[in-house]
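coords05.tsv follows; it contains TSV, C-alpha atoms.
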chain	number	residue	atom	x	y	z
A	4	MET	CA	-2.31	16.36	14.03
A	5	ASP	CA	-5.15	14.15	15.11
A	6	GLU	CA	-3.83	10.91	16.58
A	7	THR	CA	-6.44	8.80	14.83
A	8	LEU	CA	-5.05	6.09	12.56
A	9	ASN	CA	-7.21	5.31	9.51
A	10	LEU	CA	-6.48	2.07	7.73
A	11	VAL	CA	-7.98	1.36	4.32
A	12	LEU	CA	-7.74	-2.40	3.91
A	13	PHE	CA	-7.90	-3.52	0.30
A	14	SER	CA	-5.92	-6.77	0.26
A	15	GLY	CA	-7.42	-9.96	1.59
A	16	THR	CA	-4.41	-12.23	1.96
A	17	ASP	CA	-3.56	-13.49	5.44
A	18	ASP	CA	-0.10	-11.91	5.49
A	19	LYS	CA	-1.31	-8.38	4.72
A	20	LEU	CA	-4.28	-8.74	7.08
A	21	GLN	CA	-1.89	-9.90	9.81
A	22	ALA	CA	0.35	-6.88	9.19
A	23	ALA	CA	-2.74	-4.65	9.40
A	24	ALA	CA	-3.90	-6.34	12.60
A	25	VAL	CA	-0.49	-5.83	14.24
A	26	LEU	CA	-0.46	-2.13	13.26
A	27	THR	CA	-4.01	-1.81	14.64
A	28	ALA	CA	-3.22	-3.58	17.92
A	29	GLY	CA	-0.05	-1.54	18.41
A	30	ALA	CA	-1.92	1.73	17.87
A	31	ALA	CA	-4.74	0.63	20.19
A	32	ALA	CA	-2.22	-0.28	22.89
A	33	LEU	CA	-0.83	3.27	22.67
A	34	GLY	CA	-4.31	4.74	23.04
A	35	LYS	CA	-4.68	5.87	19.43
A	36	PRO	CA	-8.20	5.48	18.03
A	37	VAL	CA	-8.18	3.32	14.87
A	38	ASN	CA	-10.72	3.43	12.04
A	39	VAL	CA	-10.59	0.52	9.63
A	40	PHE	CA	-12.32	0.80	6.23
A	41	LEU	CA	-12.78	-2.50	4.35
A	42	GLN	CA	-12.71	-2.55	0.56
A	43	TYR	CA	-12.64	-5.26	-2.08
A	44	TRP	CA	-10.84	-8.48	-1.10
A	45	ALA	CA	-10.27	-7.39	2.48
A	46	LEU	CA	-14.03	-6.96	2.88
A	47	ASP	CA	-14.54	-10.41	1.37
A	48	ALA	CA	-12.26	-11.86	4.06
A	49	PHE	CA	-14.41	-10.28	6.84
A	50	THR	CA	-17.56	-12.18	5.88
A	51	ARG	CA	-18.97	-14.78	8.29
A	52	ALA	CA	-18.63	-17.39	5.57
A	53	LYS	CA	-14.93	-16.80	5.01
A	54	ILE	CA	-13.28	-15.18	8.04
A	55	ASP	CA	-11.93	-18.49	9.36
A	56	ASN	CA	-10.76	-19.71	5.95
A	57	ASP	CA	-7.22	-19.76	4.67
A	58	HIS	CA	-6.98	-16.58	2.55
A	59	GLY	CA	-3.64	-17.36	0.99
A	60	LEU	CA	-0.54	-15.20	0.98
A	61	SER	CA	0.94	-12.59	-1.36
A	62	PRO	CA	2.42	-14.34	-4.44
A	63	GLU	CA	5.93	-13.25	-3.42
A	64	ALA	CA	5.69	-15.31	-0.19
A	65	GLY	CA	6.65	-18.42	-2.12
A	66	THR	CA	7.05	-21.85	-0.58
A	67	ASP	CA	9.42	-20.71	2.16
A	68	GLY	CA	7.06	-17.92	3.18
A	69	ARG	CA	4.16	-20.36	3.33
A	70	LYS	CA	6.17	-22.68	5.58
A	71	ALA	CA	7.19	-19.82	7.88
A	72	VAL	CA	3.60	-18.63	8.28
A	73	ASP	CA	2.32	-22.17	8.89
A	74	ALA	CA	5.03	-22.83	11.48
A	75	LEU	CA	4.19	-19.66	13.44
A	76	SER	CA	0.52	-20.52	13.29
A	77	LYS	CA	1.20	-24.01	14.67
A	78	ALA	CA	3.32	-22.43	17.41
A	79	GLY	CA	0.17	-20.62	18.54
A	80	GLN	CA	0.30	-17.20	16.86
A	81	ALA	CA	-3.11	-15.54	17.00
A	82	SER	CA	-4.86	-15.17	13.63
A	83	TRP	CA	-5.40	-11.63	12.33
A	84	ALA	CA	-9.09	-11.90	13.25
A	85	GLU	CA	-8.17	-12.86	16.82
A	86	THR	CA	-5.60	-10.05	17.02
A	87	LEU	CA	-8.27	-7.57	15.89
A	88	ARG	CA	-10.74	-8.91	18.48
A	89	GLN	CA	-8.11	-8.34	21.16
A	90	ALA	CA	-7.35	-4.86	19.81
A	91	LYS	CA	-11.04	-3.97	20.10
A	92	GLU	CA	-11.01	-4.96	23.77
A	93	LEU	CA	-7.83	-3.00	24.35
A	94	GLY	CA	-8.71	0.30	22.71
A	95	SER	CA	-10.96	2.20	20.35
A	96	VAL	CA	-11.10	0.27	17.07
A	97	ASP	CA	-13.99	0.86	14.67
A	98	ILE	CA	-14.30	-1.38	11.59
A	99	GLN	CA	-16.52	-0.24	8.72
A	100	ALA	CA	-17.34	-1.92	5.41
A	101	CYS	CA	-17.15	0.27	2.30
A	102	SER	CA	-20.66	0.51	0.84
A	103	LEU	CA	-19.41	0.40	-2.76
A	104	SER	CA	-17.50	-2.80	-2.07
A	105	MET	CA	-20.60	-4.28	-0.40
A	106	ASP	CA	-22.41	-3.73	-3.72
A	107	LEU	CA	-19.51	-5.14	-5.70
A	108	LEU	CA	-19.47	-8.35	-3.71
A	109	GLY	CA	-23.26	-8.56	-3.41
A	110	LEU	CA	-23.13	-8.56	0.39
A	111	GLU	CA	-25.78	-7.68	2.99
A	112	ALA	CA	-25.08	-6.49	6.54
A	113	GLU	CA	-25.91	-9.93	7.96
A	114	ASP	CA	-23.18	-11.52	5.82
A	115	LEU	CA	-20.48	-9.69	7.77
A	116	ASP	CA	-18.57	-11.06	10.75
A	117	PRO	CA	-19.44	-9.36	14.08
A	118	LEU	CA	-15.96	-7.77	14.00
A	119	VAL	CA	-17.44	-5.31	11.49
A	120	ASP	CA	-19.23	-2.43	13.22
A	121	GLY	CA	-21.12	-1.02	10.27
A	122	ILE	CA	-21.23	0.04	6.63
A	123	GLU	CA	-20.33	3.50	5.35
A	124	GLY	CA	-19.39	5.39	2.19
A	125	VAL	CA	-16.05	6.97	1.41
A	126	THR	CA	-17.29	10.42	2.45
A	127	ALA	CA	-18.14	9.17	5.94
A	128	PHE	CA	-14.72	7.52	6.06
A	129	TYR	CA	-12.98	10.84	5.36
A	130	LEU	CA	-15.15	12.71	7.85
A	131	ASN	CA	-14.32	10.20	10.59
A	132	ALA	CA	-10.65	10.25	9.59
A	133	GLY	CA	-10.51	13.98	10.22
A	134	GLU	CA	-6.91	15.15	10.27
A	135	GLY	CA	-5.58	11.69	11.13
A	136	GLN	CA	-3.26	9.46	9.13
A	137	VAL	CA	-4.64	7.48	6.21
A	138	VAL	CA	-2.75	4.27	5.44
A	139	PHE	CA	-3.66	1.98	2.53
A	140	ILE	CA	-2.83	-1.71	2.94
B	25	MET	CA	-2.25	19.68	8.83
B	26	ASP	CA	-2.66	20.55	5.19
B	27	GLU	CA	-5.81	18.96	3.80
B	28	THR	CA	-4.13	17.91	0.57
B	29	LEU	CA	-4.28	14.20	-0.19
B	30	ASN	CA	-1.25	12.84	-2.06
B	31	LEU	CA	-1.67	9.46	-3.69
B	32	VAL	CA	1.32	7.57	-5.01
B	33	LEU	CA	-0.12	5.04	-7.45
B	34	PHE	CA	2.19	2.11	-8.10
B	35	SER	CA	-0.16	-0.74	-8.97
B	36	GLY	CA	-1.80	-0.94	-12.37
B	37	THR	CA	-4.56	-3.48	-11.85
B	38	ASP	CA	-8.14	-2.33	-12.36
B	39	ASP	CA	-9.22	-3.13	-8.80
B	40	LYS	CA	-6.51	-1.01	-7.12
B	41	LEU	CA	-6.96	1.80	-9.65
B	42	GLN	CA	-10.71	1.75	-8.95
B	43	ALA	CA	-10.05	1.95	-5.20
B	44	ALA	CA	-7.70	4.88	-5.85
B	45	ALA	CA	-10.27	6.60	-8.08
B	46	VAL	CA	-12.97	6.27	-5.41
B	47	LEU	CA	-10.65	7.72	-2.73
B	48	THR	CA	-9.78	10.57	-5.12
B	49	ALA	CA	-13.41	11.31	-6.02
B	50	GLY	CA	-14.47	11.22	-2.37
B	51	ALA	CA	-11.72	13.66	-1.38
B	52	ALA	CA	-12.54	15.96	-4.32
B	53	ALA	CA	-16.22	15.96	-3.34
B	54	LEU	CA	-15.20	17.15	0.14
B	55	GLY	CA	-13.11	19.97	-1.32
B	56	LYS	CA	-9.72	18.40	-0.56
B	57	PRO	CA	-7.08	19.00	-3.24
B	58	VAL	CA	-5.66	15.71	-4.51
B	59	ASN	CA	-2.22	15.17	-6.04
B	60	VAL	CA	-1.73	11.87	-7.82
B	61	PHE	CA	1.81	10.65	-8.63
B	62	LEU	CA	2.03	7.78	-11.13
B	63	GLN	CA	4.81	5.22	-10.86
B	64	TYR	CA	5.60	1.91	-12.52
B	65	TRP	CA	2.55	-0.16	-13.56
B	66	ALA	CA	0.06	2.53	-12.64
B	67	LEU	CA	1.82	4.90	-15.04
B	68	ASP	CA	1.72	2.21	-17.72
B	69	ALA	CA	-2.06	2.02	-17.30
B	70	PHE	CA	-2.40	5.79	-17.91
B	71	THR	CA	-0.92	5.65	-21.43
B	72	ARG	CA	-3.15	6.46	-24.42
B	73	ALA	CA	-2.39	3.02	-25.81
B	74	LYS	CA	-3.57	1.15	-22.72
B	75	ILE	CA	-5.95	3.25	-20.63
B	76	ASP	CA	-9.06	1.57	-22.08
B	77	ASN	CA	-7.61	-1.95	-21.86
B	78	ASP	CA	-8.44	-4.58	-19.29
B	79	HIS	CA	-5.58	-4.29	-16.76
B	80	GLY	CA	-6.41	-7.42	-14.81
B	81	LEU	CA	-7.03	-7.72	-11.10
B	82	SER	CA	-4.87	-8.51	-8.06
B	83	PRO	CA	-4.04	-12.24	-8.01
B	84	GLU	CA	-6.10	-12.72	-4.84
B	85	ALA	CA	-9.30	-11.65	-6.67
B	86	GLY	CA	-9.67	-15.17	-8.05
B	87	THR	CA	-12.51	-16.30	-10.28
B	88	ASP	CA	-15.26	-15.04	-7.98
B	89	GLY	CA	-13.66	-11.61	-7.77
B	90	ARG	CA	-13.36	-11.45	-11.54
B	91	LYS	CA	-17.06	-12.30	-11.90
B	92	ALA	CA	-18.06	-9.66	-9.33
B	93	VAL	CA	-16.05	-6.94	-11.07
B	94	ASP	CA	-17.42	-7.91	-14.49
B	95	ALA	CA	-21.01	-7.93	-13.22
B	96	LEU	CA	-20.68	-4.43	-11.74
B	97	SER	CA	-19.10	-3.19	-14.93
B	98	LYS	CA	-21.99	-4.60	-17.01
B	99	ALA	CA	-24.42	-2.96	-14.56
B	100	GLY	CA	-22.93	0.38	-15.61
B	101	GLN	CA	-20.25	1.15	-13.00
B	102	ALA	CA	-17.94	3.85	-14.28
B	103	SER	CA	-14.38	2.73	-15.01
B	104	TRP	CA	-11.60	4.16	-12.85
B	105	ALA	CA	-10.56	6.45	-15.70
B	106	GLU	CA	-14.11	7.78	-15.97
B	107	THR	CA	-14.33	8.22	-12.19
B	108	LEU	CA	-11.08	10.22	-12.27
B	109	ARG	CA	-12.37	12.41	-15.13
B	110	GLN	CA	-15.46	13.18	-13.05
B	111	ALA	CA	-13.31	13.88	-9.98
B	112	LYS	CA	-11.30	16.41	-12.00
B	113	GLU	CA	-14.51	18.26	-12.93
B	114	LEU	CA	-15.68	18.17	-9.33
B	115	GLY	CA	-12.59	19.39	-7.53
B	116	SER	CA	-8.88	20.04	-7.64
B	117	VAL	CA	-7.18	16.86	-8.86
B	118	ASP	CA	-3.68	17.05	-10.35
B	119	ILE	CA	-2.18	13.92	-11.91
B	120	GLN	CA	1.59	13.78	-12.51
B	121	ALA	CA	3.75	11.07	-14.04
B	122	CYS	CA	6.95	10.18	-12.16
B	123	SER	CA	9.90	11.11	-14.39
B	124	LEU	CA	11.93	8.06	-13.32
B	125	SER	CA	9.06	5.74	-14.26
B	126	MET	CA	8.72	7.54	-17.62
B	127	ASP	CA	12.36	6.58	-18.28
B	128	LEU	CA	11.80	3.03	-17.06
B	129	LEU	CA	8.90	2.49	-19.44
B	130	GLY	CA	10.47	4.46	-22.30
B	131	LEU	CA	7.54	6.88	-22.46
B	132	GLU	CA	7.30	10.39	-23.90
B	133	ALA	CA	4.81	13.07	-22.82
B	134	GLU	CA	2.65	12.44	-25.91
B	135	ASP	CA	2.21	8.78	-24.95
B	136	LEU	CA	0.19	9.76	-21.87
B	137	ASP	CA	-3.58	10.00	-21.68
B	138	PRO	CA	-4.92	13.57	-21.33
B	139	LEU	CA	-5.92	12.70	-17.74
B	140	VAL	CA	-2.24	13.17	-16.89
B	141	ASP	CA	-1.39	16.84	-16.27
B	142	GLY	CA	2.38	16.65	-16.41
B	143	ILE	CA	5.64	14.92	-15.51
B	144	GLU	CA	7.64	15.60	-12.36
B	145	GLY	CA	10.36	14.14	-10.16
B	146	VAL	CA	9.96	12.85	-6.62
B	147	THR	CA	11.29	16.12	-5.16
B	148	ALA	CA	8.53	18.13	-6.87
B	149	PHE	CA	6.02	15.57	-5.61
B	150	TYR	CA	7.12	16.13	-2.00
B	151	LEU	CA	7.15	19.91	-2.40
B	152	ASN	CA	3.58	19.86	-3.76
B	153	ALA	CA	2.53	17.42	-1.05
B	154	GLY	CA	3.61	19.87	1.63
B	155	GLU	CA	2.26	18.80	4.99
B	156	GLY	CA	-0.52	16.72	3.44
B	157	GLN	CA	-1.15	13.00	3.70
B	158	VAL	CA	0.88	10.62	1.53
B	159	VAL	CA	-0.87	7.37	0.66
B	160	PHE	CA	0.78	4.59	-1.40
B	161	ILE	CA	-1.54	2.37	-3.41
C	21	MET	CA	2.96	18.09	11.53
C	22	ASP	CA	6.26	16.41	12.12
C	23	GLU	CA	8.23	16.17	8.89
C	24	THR	CA	9.37	12.62	9.57
C	25	LEU	CA	8.41	10.07	6.92
C	26	ASN	CA	7.71	6.58	8.25
C	27	LEU	CA	7.69	3.79	5.69
C	28	VAL	CA	6.37	0.36	6.59
C	29	LEU	CA	7.83	-1.97	3.97
C	30	PHE	CA	5.91	-5.20	3.59
C	31	SER	CA	6.51	-6.22	-0.02
C	32	GLY	CA	9.78	-7.76	-1.09
C	33	THR	CA	9.68	-7.49	-4.86
C	34	ASP	CA	12.34	-5.39	-6.56
C	35	ASP	CA	9.86	-2.97	-8.13
C	36	LYS	CA	8.16	-2.02	-4.84
C	37	LEU	CA	11.50	-1.85	-3.02
C	38	GLN	CA	12.83	0.43	-5.76
C	39	ALA	CA	9.76	2.68	-5.42
C	40	ALA	CA	10.34	2.76	-1.65
C	41	ALA	CA	14.04	3.54	-2.11
C	42	VAL	CA	13.24	6.45	-4.44
C	43	LEU	CA	10.70	7.88	-1.97
C	44	THR	CA	13.29	7.50	0.80
C	45	ALA	CA	16.10	9.14	-1.17
C	46	GLY	CA	13.84	12.01	-2.25
C	47	ALA	CA	12.78	12.67	1.34
C	48	ALA	CA	16.38	12.46	2.59
C	49	ALA	CA	17.49	14.93	-0.10
C	50	LEU	CA	14.89	17.40	1.21
C	51	GLY	CA	16.15	16.99	4.78
C	52	LYS	CA	13.22	14.93	6.02
C	53	PRO	CA	14.17	12.20	8.51
C	54	VAL	CA	13.00	8.79	7.29
C	55	ASN	CA	12.19	5.76	9.47
C	56	VAL	CA	11.86	2.47	7.63
C	57	PHE	CA	10.18	-0.50	9.35
C	58	LEU	CA	10.71	-3.89	7.67
C	59	GLN	CA	8.00	-6.55	7.83
C	60	TYR	CA	7.44	-9.90	6.18
C	61	TRP	CA	8.85	-10.27	2.65
C	62	ALA	CA	10.56	-6.88	2.69
C	63	LEU	CA	12.51	-7.99	5.76
C	64	ASP	CA	13.41	-11.24	4.00
C	65	ALA	CA	14.90	-9.17	1.15
C	66	PHE	CA	17.16	-7.26	3.60
C	67	THR	CA	19.01	-10.38	4.80
C	68	ARG	CA	22.72	-10.78	3.98
C	69	ALA	CA	21.89	-14.01	2.19
C	70	LYS	CA	19.35	-12.48	-0.15
C	71	ILE	CA	19.87	-8.73	-0.52
C	72	ASP	CA	21.79	-9.09	-3.81
C	73	ASN	CA	19.38	-11.66	-5.25
C	74	ASP	CA	16.72	-11.06	-7.87
C	75	HIS	CA	13.53	-10.66	-5.81
C	76	GLY	CA	11.14	-10.75	-8.72
C	77	LEU	CA	8.50	-8.17	-9.63
C	78	SER	CA	4.81	-7.71	-8.87
C	79	PRO	CA	2.75	-10.21	-10.90
C	80	GLU	CA	1.20	-7.37	-12.91
C	81	ALA	CA	4.63	-6.39	-14.32
C	82	GLY	CA	4.33	-9.10	-16.94
C	83	THR	CA	6.94	-9.80	-19.60
C	84	ASP	CA	7.13	-6.20	-20.83
C	85	GLY	CA	7.64	-4.90	-17.30
C	86	ARG	CA	10.39	-7.44	-16.71
C	87	LYS	CA	12.15	-6.33	-19.90
C	88	ALA	CA	11.86	-2.65	-18.95
C	89	VAL	CA	13.35	-3.24	-15.50
C	90	ASP	CA	16.17	-5.37	-16.90
C	91	ALA	CA	17.00	-2.77	-19.56
C	92	LEU	CA	17.23	0.05	-16.98
C	93	SER	CA	19.38	-2.14	-14.77
C	94	LYS	CA	21.77	-2.88	-17.66
C	95	ALA	CA	21.87	0.87	-18.41
C	96	GLY	CA	23.35	1.33	-14.94
C	97	GLN	CA	20.39	2.17	-12.68
C	98	ALA	CA	21.35	1.74	-9.04
C	99	SER	CA	19.65	-1.17	-7.25
C	100	TRP	CA	17.23	-0.30	-4.43
C	101	ALA	CA	19.85	-1.40	-1.90
C	102	GLU	CA	22.41	0.95	-3.45
C	103	THR	CA	19.86	3.80	-3.57
C	104	LEU	CA	19.17	3.27	0.14
C	105	ARG	CA	22.90	3.26	0.96
C	106	GLN	CA	23.22	6.60	-0.83
C	107	ALA	CA	20.14	7.96	0.96
C	108	LYS	CA	21.74	7.07	4.30
C	109	GLU	CA	24.84	9.10	3.39
C	110	LEU	CA	22.67	11.99	2.25
C	111	GLY	CA	20.31	12.32	5.17
C	112	SER	CA	18.82	10.79	8.27
C	113	VAL	CA	17.52	7.33	7.33
C	114	ASP	CA	16.98	4.73	10.05
C	115	ILE	CA	16.05	1.19	9.03
C	116	GLN	CA	14.56	-1.16	11.65
C	117	ALA	CA	13.46	-4.80	11.39
C	118	CYS	CA	10.06	-5.65	12.91
C	119	SER	CA	10.67	-8.05	15.80
C	120	LEU	CA	7.53	-10.09	15.02
C	121	SER	CA	8.67	-10.60	11.44
C	122	MET	CA	12.14	-11.61	12.69
C	123	ASP	CA	10.41	-14.40	14.64
C	124	LEU	CA	8.25	-15.34	11.67
C	125	LEU	CA	11.25	-15.75	9.39
C	126	GLY	CA	13.46	-17.31	12.09
C	127	LEU	CA	16.09	-14.57	11.73
C	128	GLU	CA	18.82	-13.41	14.12
C	129	ALA	CA	20.40	-9.93	14.14
C	130	GLU	CA	23.53	-11.25	12.41
C	131	ASP	CA	21.44	-12.48	9.46
C	132	LEU	CA	20.56	-8.89	8.48
C	133	ASP	CA	22.39	-6.77	5.95
C	134	PRO	CA	24.34	-3.84	7.50
C	135	LEU	CA	21.77	-1.48	5.93
C	136	VAL	CA	19.49	-2.49	8.82
C	137	ASP	CA	20.20	-0.41	11.94
C	138	GLY	CA	18.32	-2.49	14.49
C	139	ILE	CA	15.29	-4.50	15.53
C	140	GLU	CA	12.21	-3.04	17.21
C	141	GLY	CA	8.57	-3.78	17.96
C	142	VAL	CA	5.56	-1.99	16.53
C	143	THR	CA	5.20	0.17	19.67
C	144	ALA	CA	8.71	1.54	19.23
C	145	PHE	CA	7.91	2.17	15.58
C	146	TYR	CA	4.91	4.31	16.49
C	147	LEU	CA	6.82	6.18	19.19
C	148	ASN	CA	9.61	7.03	16.72
C	149	ALA	CA	7.05	7.95	14.06
C	150	GLY	CA	5.55	10.56	16.37
C	151	GLU	CA	3.23	12.83	14.42
C	152	GLY	CA	4.88	12.04	11.08
C	153	GLN	CA	3.41	10.36	8.02
C	154	VAL	CA	2.99	6.60	7.96
C	155	VAL	CA	3.11	5.05	4.49
C	156	PHE	CA	2.65	1.30	3.88
C	157	ILE	CA	4.36	-0.13	0.80
Encoding of this model in C-alpha cells:
Amino acid sequence: MDETLNLVLFSGTDDKLQAAAVLTAGAAALGKPVNVFLQYWALDAFTRAKIDNDHGLSPEAGTDGRKAVDALSKAGQASWAETLRQAKELGSVDIQACSLSMDLLGLEAEDLDPLVDGIEGVTAFYLNAGEGQVVFI
Amino acid sequence: MDETLNLVLFSGTDDKLQAAAVLTAGAAALGKPVNVFLQYWALDAFTRAKIDNDHGLSPEAGTDGRKAVDALSKAGQASWAETLRQAKELGSVDIQACSLSMDLLGLEAEDLDPLVDGIEGVTAFYLNAGEGQVVFI
Amino acid sequence: MDETLNLVLFSGTDDKLQAAAVLTAGAAALGKPVNVFLQYWALDAFTRAKIDNDHGLSPEAGTDGRKAVDALSKAGQASWAETLRQAKELGSVDIQACSLSMDLLGLEAEDLDPLVDGIEGVTAFYLNAGEGQVVFI
C-alpha cells in the first residue's frame, strides 16, 4: 500500500485539530507524505481571520477538559497551527481546501492562511490519495 | 489494495452526512465501489419518517455555520439524500443498516428509506470491505 | 495490505465508544489484530476512576437517543468496556494510551483501567500500525 496518509479534516474545534496536527507531525517525522483536505468547520478554522482564535472544544470536553487544555497551553504546548507549520518543515505535508466548502463558507483564496497550499475538488483529493489511507477527523 | 471505499456513518447531522455524501459521490464518479454502513444517529436519519427532516448541524457550526448551510440550500444545493441517490445512479454504492443499531432504535426493515439496500451485521460489513479503506464519519 | 485494524479513539461518549467496541469485537472475531490508541476524552473514559461512569452521548442523540440507549442497557446489552474485555479474550486486541494525552490529562500509568496495555507515542502507534487501516473515531 502507498504510504501516503490522507486526512479529511471536518471538525474545527481545537482539540480535534490538535489531534490531527499530532497525527500529521508523527507521519511527517516518519517520512510519510501527508495530504490534508479541509472541509466545513475545519476549513473555517484555517482562515487568516480565525486561525489564531479560540475555536472551542468538543462538547464532551466539559469544564475539566477545558482546564486541562488551558493548562497545557500555558505550559507552552504548541498550537495545532504551529505544530502543522513544524510538520511542513519536517516532511511532505500538503494542505488543500475543499472547493465545495469554500463555496459554502463564501471564501476566496486570499482569505486562507498561508498554511493552506491550494484549493481542490474531491476528485483531485482522491487522485492524490492514490492507494493511501484516508482518515476522517 | 482493493479500491473499495467503506464508510461507517455514525453521525446524523446534516453537515457530516453531506460530507459523507460528497465523499461517496466523488468515489462513485471515479469508479470506486462504495459500501456504506449505517450506525446509531446516521441510521436514524435514513428512516422514511426522518430522512427529509432537518437533522441539525454539529454544535461547532454555530450561528454563522447555520446561515451558510441555509444559504447554500436556498441556492439549490442538493441535500445529502439527493446526492446519495445520484451517486447510486452513477456508480456502485451499497448502503446497509447495522443490525445492532436497528435493535437499538427499535427499527424494522420497512421503516428504512429506499436508499438503504439492506441490513447486515458488523462481520458482513468487514467481509464486504475486504482489503478496502474503512473510514468512520 | 496488512490486516491489522488501527483505531484512534478520540471521543469519550458512550455511543462512540460502543461503536468502537463493536468494530473491535467484530474484527477480533474475524482474526484481525486490532491496535487501539487512546487520545483526549477517550483516554479520560479509560481511567479507573471513570470507566464505569455514564459518559454521556453525542449531542445529536437527543432525548429519544438517550431513551433508546438506556432501554438497550436495561435489556442487558454489554457496556463498551465489557465488549472490549470480551474482544481481548477472543482475539488480539492491544490498547495503548497516547503519551501526549496522558500529559494533557495529568495521568499516571496507575490511573488507567487494566484494559489499557500500555502507553506509547504517536511514532510507536504508526510503527505498530504498519500497512494496516487507520480509523479515527
Env of C:Val155: 9 Å cut, atoms = only C-alpha atoms, seq-sep filter 2 positions within chain, self excluded. Answer as a ChimeraX atom specification. /A:137-139 /B:158-160 /C:25-29,153,157
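Residue nearest C:Ala144, chosen from A:Leu103, A:Val39, A:Leu26, A:Ile98 and counting all atoms listed in the file: A:Leu26.
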Please compute the atom CA of B:Asp127-atom CA of B:Pro57 distance, one decimal, in Å.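 It comes out at 27.5 Å.
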Contacts from chain B to chain C, 9 Å maximum, all atoms listed in the file: show me the residue list as number ranges by chain. B: 25-26, 34-37, 63-65, 79-83, 127-130, 145-147, 150-151, 155-161
For atom CA of C:Ala41 and atom CA of C:Glu109, determine how far apart the two atoms are, in Å to one decimal place.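 Atom CA of C:Glu109 lies 13.3 Å from atom CA of C:Ala41.
With atom CA of C:Phe57 on one side and atom CA of C:Glu130 on the other, the separation reads 17.4 Å.
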Considering all atoms listed in the file, state which residue in the set B:Leu67, B:Ala73, B:Val117, B:Leu108 is at the smallest distance from B:Gly55. B:Val117
3 Å per side around stretch 119-138 of chain C: axis-aligned box centre and edge lengths, as JSON:
{"center_x": 15.9, "center_y": -8.9, "center_z": 10.9, "size_x": 22.8, "size_y": 22.9, "size_z": 15.9}
